[in-house]
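Student: Starting off with a structure, shown below.
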Amino acid sequence: MALSSNAIHPTKSCFLHTNSPKPQQPTFSLFHPTNSNPIPCRSISAVHAADKNPIVSDKFPVSASPSNETPAAAAAGVTTIASPSTTKPERWSLDSWKSKKALQLPEYPDKDELESVLRTIESFPPIVFAGESRTLEERLAEAAMGRAFLLQGGDCAESFKEFNANNIRDTFRILLQMGAVLMFGGQMPVVKVGRMAGQFAKPRSEPFEEKNGVKLPSYRGDNVNGDAFDLKSRTPDPQRMIRAYCQSAATLNLLRAFATGGYAAMQRVTQWNLDFTGHSEQGDRYRELAHHVDEALGFMAAAGLTVDHPLMQTTEFWTSHECLLLPYEQALTREDSTSGLFYDCSAHMLWVGERTRQLDGAHVEFLRGIANPLGIKVSDKMDPNELMRLIEILNPQNKPGRITIITRMGAENMRVKLPHLIRAVRRAGQIVTWVSDPMHGNTIKAPCGLKTRPFDAIRAEVRAFFDVHEQEGSHPGGVHLEMTGQNVTECIGGAQTVTFDDLGSRYHTHCDPRLNASQSLELAFIIADRLRKTRIKTQQSLSSHPL
């Protein structure tokens, strides 16, 4: 498909998934951030621009200043409530983020080419639809209440080089397997969200990398520059955004086909096992589970209950990525004519990372105005006051499913820090979905120099996450994993015992180490066992205290 780099279309009509009973032809208004005379657009004035009829929240804002709390209060995790702010909220518009400090953005040498590429992307159809994002928000609200469980997983960073149907299928298939394991153990719906179809950009700790006296820009993901250490590869190239768009659209097209075309049917549960996990302990456990599912389906058929229902033939699957490359995200943001809200149509869900979640930063400013479900990555450095203020900015109406807090702390820090965050959220009356990212807090350097993550540390953080929520009486809402369906050797440990010496044999990641299929399935069984124990304990508690 030929793509013109200078094609400019001021508006584009797109079909939008909607539950409206009346047929409509919604349109998306497109804006040109680089045009000195942009098409007039409706700016949304609100604390939270993603609300159609916004009102200022009647909650007292939480102070983000450390000076407002005593050392004793900070040590105890006590949140200090500040006086109500009388500052008039700033108006949000599609490009209001440009007035804020933007971190982790590349410097493009050719500004004219950048503007041309962004206008081209603005003319493209959306990758996802607003109605799908709204449905995902409803599912995440169920996870916040303990009635569903989020499984979010996929590549650390997608690459152009490894883009092929088999890799997409294998990652989707292991997510299906994990979902079946979790659903069987927890006896609750599993919300499957991929780090796929757009997870290219990566934040870096340093803007430059130096080797043998040569200093070049850091690799920021295939949608920005190349990973080869030479000037041509490392120079940010805006044309890569067009290739990323095309790859994302093609990936989601295949995922939709897998999810709705019969591949995800529960009757195929025994066929999802990957060849290299077939003779492992996890493969044996999965076959046993699949046998139980087959027996249940047989019982349903014998009882006259149809297994041809769409719920048994298809699965819901959504996409997500870190909101990092703001010019690209803005170019794919559309106003939904059925609701009047703005959606970033590059993915169903986006999250703000640890390095870009500044309260007065460009990324938070952009995200507060879009209606997609949002994730917030939270490390042990997060102060409860700051978290409360961030949630208030992004979700002042306290809409369930809007905010997912993704914790990444390491097991020991999790046990110390997470309780204070949970208590602060509870005191503020905020409704959030709590999710564990056991990957980023457990990265180490192997003797050979490669980055890796010990499976035992990942498992320990997941257990700490569940332990803390059980202690606090809150709901563990899901897990967020960097993983792949490929048989890689990037994380050490697990039942198949990947060692430091094995790392070099199949170390394919472009960025951070990922769990392979066997390790992912092993972790799913560990989580499912915990969900099952929690379910049984809850049932016993209810039976011993009848109404």
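All residue names refer to the structure tokens as shown: chains lettered A, B, ... in order, residues numbered from 1 in each chain, ligands numbered from 1 in order.
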Mind checking which residues fall within 8 Å of Leu531 of chain A, counting only C-alpha atoms, ignoring those fewer than 6 positions away in the same chain, and posting them as a list in words?
Tutor: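 Close residues of Leu531 of chain A: Leu182, Gly185 and Gly186 of chain A.
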Student: Could you please take those selected residues and save N, CA, C and O atoms as a JSON list (two decimals), in the first residue's frame?
Tutor:
```json
[["chain", "number", "residue", "atom", "x", "y", "z"],
["A", 182, "LEU", "N", -6.29, -18.74, 34.40],
["A", 182, "LEU", "CA", -6.74, -17.79, 35.40],
["A", 182, "LEU", "C", -8.25, -17.83, 35.60],
["A", 182, "LEU", "O", -8.75, -17.74, 36.72],
["A", 185, "GLY", "N", -9.10, -20.99, 37.58],
["A", 185, "GLY", "CA", -8.75, -20.90, 39.00],
["A", 185, "GLY", "C", -9.57, -19.87, 39.74],
["A", 185, "GLY", "O", -10.02, -20.11, 40.87],
["A", 186, "GLY", "N", -9.78, -18.71, 39.12],
["A", 186, "GLY", "CA", -10.48, -17.63, 39.80],
["A", 186, "GLY", "C", -11.98, -17.70, 39.66],
["A", 186, "GLY", "O", -12.70, -17.03, 40.41]]
```
Student: Name all residues at most 6 Å from segment 241-252 of chain A (count only C-alpha atoms; drop same-chain ones fewer than 6 positions away) and give them as a count of residues only.
Tutor: 4
Student: Excluding same-chain residues fewer than 3 positions from segment 317-320 of chain A, what lies within 7 Å of it counting only C-alpha atoms, as a list in words?
Tutor: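 Counting only C-alpha atoms, the residues come to Lys192, Val193, Gly194, Arg195, Met196, Ala197, Ala259, Ala347, His348, Met349 and Leu350 of chain A.
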Student: Within 12 Å of segment 434-452 of chain A, which residues of segment 513-538 of chain A come that close, and what is the closest atom pair and distance in Å for each? Count only C-alpha atoms and give it as JSON lines.
Tutor:
```
{"residue": "A:Pro513", "atom": "CA", "partner": "A:Thr452", "partner_atom": "CA", "distance": 5.5}
{"residue": "A:Arg514", "atom": "CA", "partner": "A:Thr452", "partner_atom": "CA", "distance": 8.3}
{"residue": "A:Leu515", "atom": "CA", "partner": "A:Met439", "partner_atom": "CA", "distance": 9.0}
{"residue": "A:Ser520", "atom": "CA", "partner": "A:Met439", "partner_atom": "CA", "distance": 11.8}
{"residue": "A:Leu523", "atom": "CA", "partner": "A:Pro438", "partner_atom": "CA", "distance": 10.8}
{"residue": "A:Ile527", "atom": "CA", "partner": "A:Ser436", "partner_atom": "CA", "distance": 11.3}
```
Student: Just the number, please: distance in Å from atom CA of Ala411 of chain A to atom CA of Glu472 of chain A, one decimal.
Tutor: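 Pair atom CA of Ala411 of chain A / atom CA of Glu472 of chain A returns 16.3 Å.
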Student: If you count only C-alpha atoms, which residues fall within 9 Å of segment 487-497 of chain A, apart from same-chain ones fewer than 6 positions away, as a PyMOL selection string?
Tutor: chain A and resi 276-277+280-282+450-456+503-509+512-519+522-523
Student: Go through segment 294-356 of chain A and collect every residue that DSSP, computed from the backbone, puts in alpha helix (DSSP H); the answer should be as number ranges by chain.
Tutor: A: 294-302, 310-313, 326-331
Student: For atom CA of Phe124 of chain A and atom CA of Ala331 of chain A, quote the distance in Å rounded to one decimal.
Tutor: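 These two atoms are separated by 9.1 Å.
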